[in-house]
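Asker: What follows is coords.txt, made up of compact mmCIF, C-alpha atoms:
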```txt
# COMPACT_ATOMS: atom_id res chain seq x y z
CA MET A 1 -1.18 -5.39 -22.61
CA ARG A 2 -3.98 -6.16 -20.18
CA TYR A 3 -3.96 -5.43 -16.47
CA ILE A 4 -6.05 -5.27 -13.30
CA GLU A 5 -5.74 -2.25 -11.02
CA PRO A 6 -6.30 -3.96 -7.66
CA HIS A 7 -6.11 -0.83 -5.48
CA ALA A 8 -7.31 2.58 -6.69
CA HIS A 9 -9.38 5.28 -5.00
CA MET A 10 -11.37 6.25 -8.06
CA VAL A 11 -13.85 8.49 -6.24
CA SER A 12 -10.90 10.90 -5.95
CA ARG A 13 -10.02 10.73 -9.65
CA VAL A 14 -11.50 12.51 -12.65
CA THR A 15 -13.36 10.55 -15.31
CA ASP A 16 -10.51 11.14 -17.78
CA ASP A 17 -8.42 8.79 -15.65
CA TYR A 18 -10.82 5.93 -16.41
CA GLU A 19 -10.33 6.62 -20.11
CA ARG A 20 -6.54 6.71 -19.80
CA MET A 21 -6.52 3.47 -17.79
CA VAL A 22 -8.70 1.70 -20.34
CA LEU A 23 -6.44 2.90 -23.15
CA ALA A 24 -3.51 1.38 -21.23
CA GLY A 25 -5.27 -2.01 -20.96
CA CYS A 26 -7.10 -1.87 -17.63
CA GLU A 27 -9.93 -4.41 -17.42
CA ALA A 28 -10.96 -4.05 -13.76
CA VAL A 29 -10.53 -1.58 -10.92
CA CYS A 30 -10.79 -2.50 -7.24
CA GLU A 31 -11.45 0.33 -4.82
CA PRO A 32 -10.86 -0.11 -1.08
CA ALA A 33 -12.62 2.23 1.32
CA PHE A 34 -10.32 5.08 2.26
CA TRP A 35 -9.85 8.22 4.33
CA ALA A 36 -11.33 11.24 2.56
CA GLY A 37 -8.49 13.57 3.55
CA PHE A 38 -10.59 14.86 6.43
CA ASP A 39 -12.42 13.08 9.25
CA ARG A 40 -16.07 12.35 8.60
CA SER A 41 -18.27 13.77 11.34
CA SER A 42 -20.58 10.78 11.79
CA ALA A 43 -21.33 7.22 10.72
CA ALA A 44 -23.88 8.65 8.29
CA GLY A 45 -20.98 10.01 6.24
CA PHE A 46 -19.64 6.48 5.89
CA TYR A 47 -23.07 5.17 4.91
CA ASP A 48 -23.13 7.62 2.01
CA TYR A 49 -19.57 6.70 1.07
CA PHE A 50 -20.39 2.98 1.02
CA CYS A 51 -23.37 3.75 -1.23
CA GLN A 52 -21.06 5.72 -3.53
CA LEU A 53 -18.64 2.77 -3.70
CA THR A 54 -21.34 0.18 -4.38
CA GLU A 55 -23.80 2.13 -6.54
CA HIS A 56 -22.45 5.27 -8.19
CA GLU A 57 -18.80 4.37 -8.88
CA PRO A 58 -19.54 1.05 -10.69
CA ARG A 59 -21.84 2.97 -13.03
CA ARG A 60 -19.14 5.60 -13.72
CA ALA A 61 -16.59 2.87 -14.49
CA ALA A 62 -19.04 0.95 -16.69
CA LYS A 63 -19.27 3.92 -19.07
CA TYR A 64 -15.68 3.05 -20.06
CA GLY A 65 -16.17 -0.72 -20.05
CA VAL A 66 -14.24 -1.20 -16.81
CA LYS A 67 -15.50 -3.53 -14.09
CA HIS A 68 -15.51 -1.82 -10.71
CA PHE A 69 -15.15 -3.77 -7.46
CA THR A 70 -14.81 -2.48 -3.92
CA TRP A 71 -13.72 -3.30 -0.39
CA LEU A 72 -15.52 -1.90 2.64
CA GLY A 73 -14.06 -0.91 5.98
CA LEU A 74 -12.87 1.90 8.20
CA ASN A 75 -9.43 3.23 7.35
CA SER A 76 -6.99 3.30 10.25
CA LYS A 77 -6.64 7.08 9.95
CA GLU A 78 -10.15 7.30 11.41
CA ALA A 79 -9.76 4.47 13.91
CA GLU A 80 -8.73 6.49 16.94
CA ASP A 81 -12.40 7.14 17.77
CA VAL A 82 -13.47 3.63 18.80
CA LYS A 83 -17.13 4.55 19.32
CA LEU A 84 -17.40 5.91 15.78
CA ALA A 85 -15.55 2.85 14.52
CA GLU A 86 -18.06 0.55 16.19
CA GLU A 87 -20.94 2.42 14.54
CA VAL A 88 -19.29 2.24 11.12
CA ILE A 89 -18.43 -1.45 11.45
CA GLY A 90 -22.08 -2.04 12.38
CA LEU A 91 -23.13 -0.55 9.03
CA ILE A 92 -20.96 -2.79 6.87
CA PRO A 93 -22.83 -6.16 6.93
CA GLN A 94 -25.84 -4.70 5.10
CA PHE A 95 -23.51 -3.88 2.16
CA LEU A 96 -21.60 -7.17 1.97
CA ASP A 97 -24.08 -8.86 -0.39
CA ARG A 98 -23.85 -6.10 -2.97
CA PRO A 99 -22.51 -7.43 -6.28
CA ASN A 100 -19.21 -5.52 -6.41
CA VAL A 101 -18.10 -5.99 -2.76
CA LEU A 102 -15.05 -8.27 -2.55
CA GLY A 103 -14.26 -8.10 1.14
CA ILE A 104 -13.13 -5.99 4.10
CA GLY A 105 -10.52 -3.30 3.39
CA GLU A 106 -8.51 -1.36 3.51
CA ILE A 107 -8.12 -1.92 7.19
CA GLY A 108 -4.87 -1.86 9.15
CA LEU A 109 -2.77 0.57 11.15
CA ASN A 110 -1.58 4.14 10.64
CA LYS A 111 0.31 5.38 13.73
CA ASN A 112 0.24 2.00 15.49
CA SER A 113 -1.86 3.15 18.43
CA ARG A 114 -3.78 0.95 20.86
CA ASN A 115 -7.15 2.12 19.53
CA GLU A 116 -6.08 1.50 15.93
CA LEU A 117 -5.07 -2.01 16.96
CA ARG A 118 -8.39 -2.60 18.69
CA VAL A 119 -10.35 -1.43 15.65
CA LEU A 120 -8.19 -3.62 13.40
CA GLU A 121 -9.07 -6.65 15.54
CA MET A 122 -12.77 -5.72 15.31
CA GLN A 123 -12.60 -5.56 11.51
CA VAL A 124 -10.64 -8.81 11.23
CA ASP A 125 -13.38 -10.37 13.35
CA LEU A 126 -16.02 -8.89 11.01
CA ALA A 127 -14.25 -10.43 8.01
CA ALA A 128 -13.94 -13.81 9.72
CA ARG A 129 -17.61 -13.89 10.78
CA HIS A 130 -18.74 -13.12 7.22
CA ALA A 131 -16.08 -15.23 5.42
CA GLN A 132 -14.69 -12.20 3.59
CA LEU A 133 -11.34 -11.60 1.90
CA ILE A 134 -9.17 -9.02 3.69
CA LEU A 135 -7.09 -6.18 2.26
CA VAL A 136 -4.70 -4.63 4.80
CA HIS A 137 -3.09 -1.18 4.67
CA THR A 138 0.32 -0.98 6.32
CA PRO A 139 1.51 2.31 7.83
CA HIS A 140 3.63 4.93 6.14
CA LEU A 141 7.37 5.50 6.28
CA GLU A 142 8.89 5.16 9.77
CA ASP A 143 5.75 3.43 11.09
CA LYS A 144 5.61 0.67 8.45
CA LEU A 145 8.02 -1.86 10.00
CA LYS A 146 6.42 -1.84 13.44
CA GLY A 147 2.88 -1.68 12.04
CA THR A 148 3.46 -4.62 9.72
CA ARG A 149 4.75 -6.70 12.63
CA LEU A 150 1.72 -5.79 14.77
CA ILE A 151 -0.69 -6.57 11.91
CA LEU A 152 0.87 -9.97 11.29
CA GLU A 153 0.49 -10.73 14.98
CA VAL A 154 -3.23 -9.84 14.93
CA LEU A 155 -3.83 -12.07 11.89
CA LYS A 156 -1.80 -14.93 13.34
CA ASN A 157 -3.69 -14.76 16.63
CA ASP A 158 -7.09 -15.14 14.93
CA ARG A 159 -7.22 -18.83 14.00
CA ARG A 160 -10.19 -18.29 11.68
CA ILE A 161 -8.00 -16.30 9.27
CA GLN A 162 -6.63 -18.16 6.25
CA PRO A 163 -3.40 -16.42 5.15
CA GLU A 164 -3.99 -17.03 1.45
CA ARG A 165 -7.20 -14.96 1.71
CA VAL A 166 -5.39 -11.87 3.03
CA ILE A 167 -3.30 -9.33 1.13
CA ILE A 168 -0.93 -7.04 2.99
CA ASP A 169 -0.54 -3.92 0.92
CA HIS A 170 2.18 -1.27 0.58
CA VAL A 171 5.08 -3.65 1.28
CA GLU A 172 8.63 -2.44 0.71
CA GLU A 173 12.06 -4.05 0.90
CA HIS A 174 12.03 -4.23 4.71
CA THR A 175 8.55 -5.79 5.06
CA VAL A 176 7.92 -7.96 2.00
CA GLY A 177 9.89 -10.94 3.33
CA MET A 178 7.96 -11.28 6.59
CA VAL A 179 4.62 -11.03 4.77
CA LEU A 180 5.42 -13.74 2.23
CA GLU A 181 6.95 -15.98 4.89
CA ALA A 182 3.66 -15.80 6.80
CA GLY A 183 1.86 -17.24 3.76
CA LEU A 184 0.01 -14.02 2.96
CA TRP A 185 -0.17 -12.14 -0.33
CA ALA A 186 1.81 -8.91 -0.66
CA GLY A 187 0.92 -5.77 -2.61
CA MET A 188 3.45 -3.25 -3.84
CA THR A 189 2.16 0.29 -4.17
CA LEU A 190 3.79 2.52 -6.77
CA TYR A 191 4.08 6.12 -5.61
CA PRO A 192 6.26 8.96 -6.87
CA GLU A 193 7.89 9.67 -3.46
CA THR A 194 6.74 7.30 -0.76
CA LYS A 195 6.35 3.51 -1.06
CA CYS A 196 7.82 1.81 -4.20
CA THR A 197 9.00 3.24 -7.50
CA PRO A 198 8.57 1.04 -10.59
CA ALA A 199 12.30 0.19 -10.57
CA ARG A 200 12.28 -0.86 -6.90
CA ALA A 201 9.09 -2.89 -7.37
CA VAL A 202 10.78 -4.84 -10.17
CA ASP A 203 13.85 -5.30 -7.94
CA ILE A 204 11.56 -6.87 -5.32
CA LEU A 205 9.98 -9.16 -7.92
CA GLU A 206 13.44 -10.25 -9.05
CA THR A 207 14.48 -10.90 -5.44
CA TYR A 208 11.35 -12.56 -4.04
CA GLY A 209 9.76 -14.09 -7.14
CA HIS A 210 6.28 -13.31 -8.36
CA GLU A 211 4.02 -15.97 -6.89
CA ARG A 212 2.00 -14.03 -4.30
CA LEU A 213 2.75 -10.42 -5.25
CA TRP A 214 0.72 -7.81 -7.06
CA LEU A 215 1.25 -4.21 -8.16
CA ASN A 216 -1.11 -1.31 -7.61
CA SER A 217 -1.15 2.46 -8.01
CA ALA A 218 -3.33 3.22 -4.96
CA CYS A 219 -4.09 6.44 -6.83
CA ASP A 220 -6.08 8.82 -4.66
CA TRP A 221 -6.39 12.55 -4.00
CA GLY A 222 -2.66 12.89 -3.20
CA ARG A 223 0.43 12.64 -5.42
CA SER A 224 -0.12 9.38 -7.26
CA ASP A 225 -0.31 8.02 -10.79
CA PRO A 226 -3.28 5.97 -12.06
CA LEU A 227 -1.02 4.57 -14.80
CA ALA A 228 1.69 3.36 -12.40
CA VAL A 229 0.92 -0.34 -13.01
CA PRO A 230 1.32 -0.28 -16.81
CA LYS A 231 4.41 1.94 -16.41
CA THR A 232 5.92 -0.74 -14.15
CA ALA A 233 5.06 -3.34 -16.78
CA VAL A 234 7.13 -1.26 -19.20
CA GLU A 235 9.95 -1.26 -16.62
CA MET A 236 9.80 -5.07 -16.54
CA LYS A 237 9.95 -5.21 -20.33
CA LYS A 238 12.94 -2.85 -20.38
CA ARG A 239 14.77 -5.38 -18.21
CA GLY A 240 13.88 -8.23 -20.53
CA HIS A 241 11.16 -9.97 -18.54
CA PRO A 242 9.05 -12.12 -20.90
CA GLY A 243 5.54 -10.98 -21.73
CA ALA A 244 4.07 -14.01 -19.95
CA VAL A 245 5.75 -13.03 -16.67
CA VAL A 246 4.58 -9.42 -17.00
CA ASP A 247 1.04 -10.68 -17.65
CA GLN A 248 1.23 -12.91 -14.58
CA VAL A 249 2.23 -10.04 -12.32
CA ILE A 250 -0.20 -7.39 -13.57
CA TYR A 251 -3.18 -9.58 -14.52
CA SER A 252 -3.12 -13.24 -13.50
CA ASN A 253 -1.85 -12.70 -9.95
CA PRO A 254 -4.49 -10.17 -8.89
CA ALA A 255 -7.12 -12.26 -10.68
CA ARG A 256 -6.01 -15.39 -8.80
CA PHE A 257 -6.28 -13.69 -5.43
CA LEU A 258 -9.49 -11.80 -6.16
CA GLN A 259 -11.28 -14.79 -7.67
CA GLN A 260 -11.37 -16.27 -4.18
CA SER A 261 -14.44 -14.06 -4.04
CA PRO A 262 -17.12 -15.55 -6.29
CA LYS A 263 -18.15 -12.00 -7.23
CA PHE A 264 -14.88 -11.27 -9.01
CA ILE A 265 -15.91 -12.16 -12.57
CA LEU A 266 -14.18 -10.46 -15.50
CA MET B 1 20.51 -8.42 -16.75
CA THR B 2 24.28 -8.08 -17.00
CA GLN B 3 26.09 -5.37 -15.05
CA GLN B 4 26.62 -3.53 -18.34
CA GLN B 5 22.85 -3.58 -19.00
CA VAL B 6 22.02 -2.40 -15.47
CA LEU B 7 24.43 0.50 -15.81
CA ASP B 8 23.21 1.37 -19.29
CA LEU B 9 19.65 1.52 -17.98
CA TYR B 10 20.10 3.16 -14.59
CA PHE B 11 23.48 4.92 -14.23
CA LEU B 12 22.43 8.38 -15.39
CA GLU B 13 19.28 8.33 -13.27
CA ALA B 14 21.21 7.14 -10.18
CA ARG B 15 23.93 9.75 -10.78
CA HIS B 16 21.25 12.43 -10.93
CA GLN B 17 19.70 11.19 -7.67
CA LEU B 18 23.10 11.12 -5.94
CA VAL B 19 23.86 14.71 -6.96
CA GLU B 20 20.42 15.70 -5.64
CA ILE B 21 21.25 14.09 -2.28
CA ALA B 22 24.63 15.86 -2.19
CA ALA B 23 22.94 19.18 -2.91
CA PHE B 24 20.34 18.50 -0.21
CA LEU B 25 23.09 17.83 2.35
CA ASP B 26 24.84 21.07 1.31
CA ARG B 27 21.54 22.93 1.70
CA VAL B 28 21.03 21.55 5.21
CA GLU B 29 24.63 22.28 6.24
CA ARG B 30 24.39 25.88 5.05
CA THR B 31 21.82 26.37 7.80
CA GLY B 32 24.27 25.24 10.52
CA PRO B 33 25.15 21.98 12.32
CA ALA B 34 22.61 19.15 11.91
CA ALA B 35 20.43 19.46 15.02
CA ASP B 36 17.11 18.17 13.73
CA PHE B 37 16.48 14.41 14.22
CA ARG B 38 15.71 14.02 10.52
CA ALA B 39 19.07 15.46 9.48
CA ARG B 40 20.87 13.16 11.92
CA ALA B 41 18.91 10.12 10.71
CA PHE B 42 19.65 11.00 7.11
CA ALA B 43 23.38 11.28 7.78
CA GLU B 44 23.35 7.86 9.45
CA ALA B 45 21.41 6.29 6.58
CA VAL B 46 23.82 7.71 4.00
CA LYS B 47 26.62 5.73 5.65
CA ILE B 48 24.84 2.51 4.63
CA LEU B 49 25.35 3.34 0.97
CA GLY B 50 29.11 2.92 1.22
CA GLY B 51 28.89 -0.46 2.94
CA PRO B 52 29.40 -3.85 1.32
CA GLY B 53 26.88 -6.41 0.10
CA GLN B 54 23.26 -6.63 -0.97
CA GLY B 55 20.22 -5.24 0.84
CA LYS B 56 21.10 -1.55 1.03
CA ALA B 57 17.55 -0.37 0.28
CA ARG B 58 16.24 -2.59 3.08
CA GLU B 59 18.91 -1.35 5.48
CA VAL B 60 18.15 2.30 4.69
CA LEU B 61 14.44 1.69 5.31
CA LEU B 62 15.24 -0.05 8.60
CA ALA B 63 17.44 2.88 9.65
CA PHE B 64 14.45 5.23 9.35
CA SER B 65 12.01 2.84 11.10
CA ASP B 66 10.52 2.84 14.58
CA PRO B 67 12.21 -0.21 16.16
CA THR B 68 9.95 -0.44 19.23
CA PRO B 69 7.48 -3.35 19.52
CA GLU B 70 4.60 -1.88 21.57
CA PRO B 71 1.65 0.14 20.23
CA ILE B 72 1.68 3.81 21.22
CA ALA B 73 -0.89 5.07 23.74
CA ALA B 74 -2.79 7.22 21.24
CA ALA B 75 -2.39 8.67 17.76
CA THR B 76 -2.02 12.43 18.09
CA THR B 77 -1.36 13.00 14.39
CA LYS B 78 -2.19 11.17 11.18
CA ALA B 79 1.01 11.97 9.30
CA ALA B 80 4.39 10.25 9.20
CA CYS B 81 7.51 12.42 8.95
CA GLY B 82 9.87 9.91 7.35
CA THR B 83 12.03 8.84 10.26
CA TRP B 84 11.52 7.75 13.84
CA PRO B 85 12.12 10.73 16.14
CA GLY B 86 13.31 8.52 18.99
CA PRO B 87 11.85 7.43 22.34
CA ALA B 88 11.62 10.97 23.70
CA HIS B 89 9.09 11.87 21.01
CA ALA B 90 7.23 8.55 20.83
```
Show this structure as structure tokens.
Answerer:
Amino acid sequence: MRYIEPHAHMVSRVTDDYERMVLAGCEAVCEPAFWAGFDRSSAAGFYDYFCQLTEHEPRRAAKYGVKHFTWLGLNSKEAEDVKLAEEVIGLIPQFLDRPNVLGIGEIGLNKNSRNELRVLEMQVDLAARHAQLILVHTPHLEDKLKGTRLILEVLKNDRRIQPERVIIDHVEEHTVGMVLEAGLWAGMTLYPETKCTPARAVDILETYGHERLWLNSACDWGRSDPLAVPKTAVEMKKRGHPGAVVDQVIYSNPARFLQQSPKFIL
Amino acid sequence: MTQQQVLDLYFLEARHQLVEIAAFLDRVERTGPAADFRARAFAEAVKILGGPGQGKAREVLLAFSDPTPEPIAAATTKAACGTWPGPAHA
């Protein structure tokens, strides 16, 4: 089995996780910028983080033969402070030419506030001006439905945005349909308690097909499983899905989306 | 998969999860009548399980969701609690 982990926060994981992922067949890891679990006190903290994502983490992954790619942006959990957001967004262009940067992400909404929405629009504009792919985080739990609708509206209103170059992550049964209908890609995140379980993710694949869907663990510093993607592949096999279909979902699909960036070379 | 295969694969796990939900409801009720908005939302969502047709997971998720269309004035917390508390708390 081979797979791509298209969304993992590896700076929060121990090095043993890289080894376990490689043993399970992981060939590439893509790491969107994320909230650290606490608010950074200044834009300088983000500068250091972006250096970590583009310099240190690829070297750590390379020790296990894994390609490491990244997405840069300001997570919506830190988007309430618009002035800080403007400073952070101003830092990003100098990193966009680095060899492992695939695009802008994960951007999106968290509590669906006006400031979060404003910062989302600013980051969508940044992506459009620099012709970058976009990875969007949708809110948690009770906020997901409303947030997904607001995000789709922002993307639809910016005519420079090509839907096939945007992935909306963390979809569940009540949001996946609207994302696919809008022509965007959809990511299913596999978490032990929130978001999708492996069984539900396979239900969604069986209901909506597997053309523009990918699976990811989004493993971070919270309860999460860096092996969630291969475990879901096992779930597919238990249900009798052919190996070629499993390979499409966990390898070819993310590769097809990510190869829209010329830097995504396996 | 046939229905037999689905049940062979998932019945025991689903039975376990249903007993856990029943025990959770007992635990909440031992503390008195359901006053908290989460307990009320949970009781409403459980009703969906006994209904007919496909799409129960989607319906349960919708039952817990904020149905309003407008962004909120400001985010005063980062966390989600699992169900919309209603307009009075928005």
Asker: Between CA of Glu153 in chain A and CA of Leu96 in chain A, what is the distance in Å, rounded to a tenth?
Answerer: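 Result for CA of Glu153 in chain A versus CA of Leu96 in chain A: 25.9 Å, one decimal.
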Asker: Can you pull out the residues contacting range 40-47 of chain A? Cut-off 12 Å, using only C-alpha atoms, and skip same-chain residues under 2 positions away; I want them as JSON, numbers by chain.
Answerer: {"A": [33, 34, 35, 36, 37, 38, 49, 50, 51, 52, 53, 54, 55, 72, 73, 74, 75, 77, 78, 79, 81, 82, 83, 84, 85, 86, 87, 88, 89, 90, 91, 92, 93, 94, 95]}
Asker: Using only C-alpha atoms, find the one residue out of B:Pro87, B:Val60, B:Arg27, B:Ala43 that sits nearest to chain A.
Answerer: B:Val60
Asker: Using only C-alpha atoms, find each residue of chain A with at least one atom at most 7 Å away from an atom of chain B; report its shortest atom-to-atom pair and that distance in Å (one decimal), sort the rows by chain and rising residue number, and return the result as a tab-separated table.
Answerer:
```
residue	atom	partner	partner_atom	distance
A:Lys77	CA	B:Lys78	CA	6.2
A:Glu80	CA	B:Ala75	CA	6.8
A:Lys111	CA	B:Ala75	CA	5.9
A:Asn112	CA	B:Pro71	CA	5.3
A:Ser113	CA	B:Ile72	CA	4.6
A:Arg114	CA	B:Pro71	CA	5.5
A:Asn115	CA	B:Ala74	CA	6.9
A:His140	CA	B:Ala80	CA	6.2
A:Leu141	CA	B:Gly82	CA	5.2
A:Glu142	CA	B:Ser65	CA	4.1
A:Asp143	CA	B:Asp66	CA	5.9
A:Leu145	CA	B:Ser65	CA	6.3
A:Lys146	CA	B:Asp66	CA	6.3
A:Glu173	CA	B:Arg58	CA	4.9
A:His174	CA	B:Arg58	CA	4.8
A:Arg239	CA	B:Met1	CA	6.7
```
Asker: Report, in Å with one decimal, the straight-line distance from CA of Glu164 in chain A to CA of Ser224 in chain A.
Answerer: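 Separating CA of Glu164 in chain A from CA of Ser224 in chain A is a distance of 28.1 Å.
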Asker: Could you pull the residues within 12 Å of Pro99 in chain A, counting all atoms listed in the file, minus those fewer than 6 positions along the same chain, as an NGL selection string?
Answerer: :A and (53-55 or 58 or 67-71 or 261-265)
Asker: Could you tell me how far CA of Asp169 in chain A lies from CA of His137 in chain A, in Å and to one decimal?
Answerer: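 Between CA of Asp169 in chain A and CA of His137 in chain A the gap works out to 5.3 Å.
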Asker: Find the spatial neighbours of Gly183 in chain A, counting only C-alpha atoms, within a cut-off of 7 Å - ignore same-chain residues fewer than 3 positions away - and output them as a PDB file with C-alpha atoms, keeping the file's coordinate frame.
Answerer:
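Output (part.pdb):
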```pdb
ATOM      1  CA  PRO A 163      -3.400 -16.420   5.150  1.00  0.00           C
ATOM      2  CA  GLU A 164      -3.990 -17.030   1.450  1.00  0.00           C
ATOM      3  CA  VAL A 179       4.620 -11.030   4.770  1.00  0.00           C
ATOM      4  CA  LEU A 180       5.420 -13.740   2.230  1.00  0.00           C
TER       5      LEU A 180
END
```
Asker: Give as number ranges by chain each residue that has an atom at most 12 Å from (8.6, 8.8, -7.0) in the file, counting all atoms listed in the file.
Answerer: A: 189-201, 217, 223-225, 228; B: 17
Asker: Counting all atoms listed in the file, which of A:Asp203, A:Gln260, A:Glu116, A:Gly25 gets nearest to Gly65 in chain A?
Answerer: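 Distance minimum relative to Gly65 in chain A lands on A:Gly25.
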Asker: So which residues touch Arg212 in chain A within 8 Å, counting only C-alpha atoms, skipping near sequence neighbours fewer than 6 positions away, as a list in words?
Answerer: Leu180, Leu184, Trp185, Ala186 and Asn253 of chain A
Asker: Starting from the point (-0.8, 2.0, -14.7), work out which residues of protein, DNA or RNA have an atom no more than 10 Å away when counting all atoms listed in the file; state them as a list in words.
Answerer: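 Residues with an atom at most 10 Å from (-0.8, 2.0, -14.7): Tyr3, Ile4, Glu5, Arg20, Met21, Val22, Ala24, Gly25, Cys26, Leu190, Leu215, Asn216, Ser217, Cys219, Asp225, Pro226, Leu227, Ala228, Val229, Pro230, Lys231, Thr232, Ala233, Val234 and Ile250 of chain A.
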Asker: Considering only C-alpha atoms, return as a PyMOL selection string whatever protein or nucleic-acid residues lie within 12 Å of range 159-162 of chain A, sequence-local ones (same chain, fewer than 2 positions apart) excluded.
Answerer: chain A and resi 121+123-134+152-157+164-167+182-185+260
Asker: How big is the axis-aligned box, and where does its centre sit, when it encloses all atoms of range 12-15 of chain A listed in the file and has 6 Å added on every side, reported in Å to one decimal as JSON?
Answerer:
```
{"center_x": -11.7, "center_y": 11.5, "center_z": -10.6, "size_x": 15.3, "size_y": 14.0, "size_z": 21.4}
```
Asker: I need the residue nearest Asp8 in chain B from this list: A:Arg2, A:Lys238, A:Ser76, A:Gln248. Use all atoms listed in the file for the distance.
Answerer: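 Among the listed residues, the smallest separation from Asp8 in chain B belongs to A:Lys238.
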Asker: Here is a test: counting only C-alpha atoms, which residue of A:Met188, A:Leu205, A:Leu109, A:Gly240 is nearest to Ala218 in chain A?
Answerer: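 Among the listed residues, A:Met188 lies closest to Ala218 in chain A.
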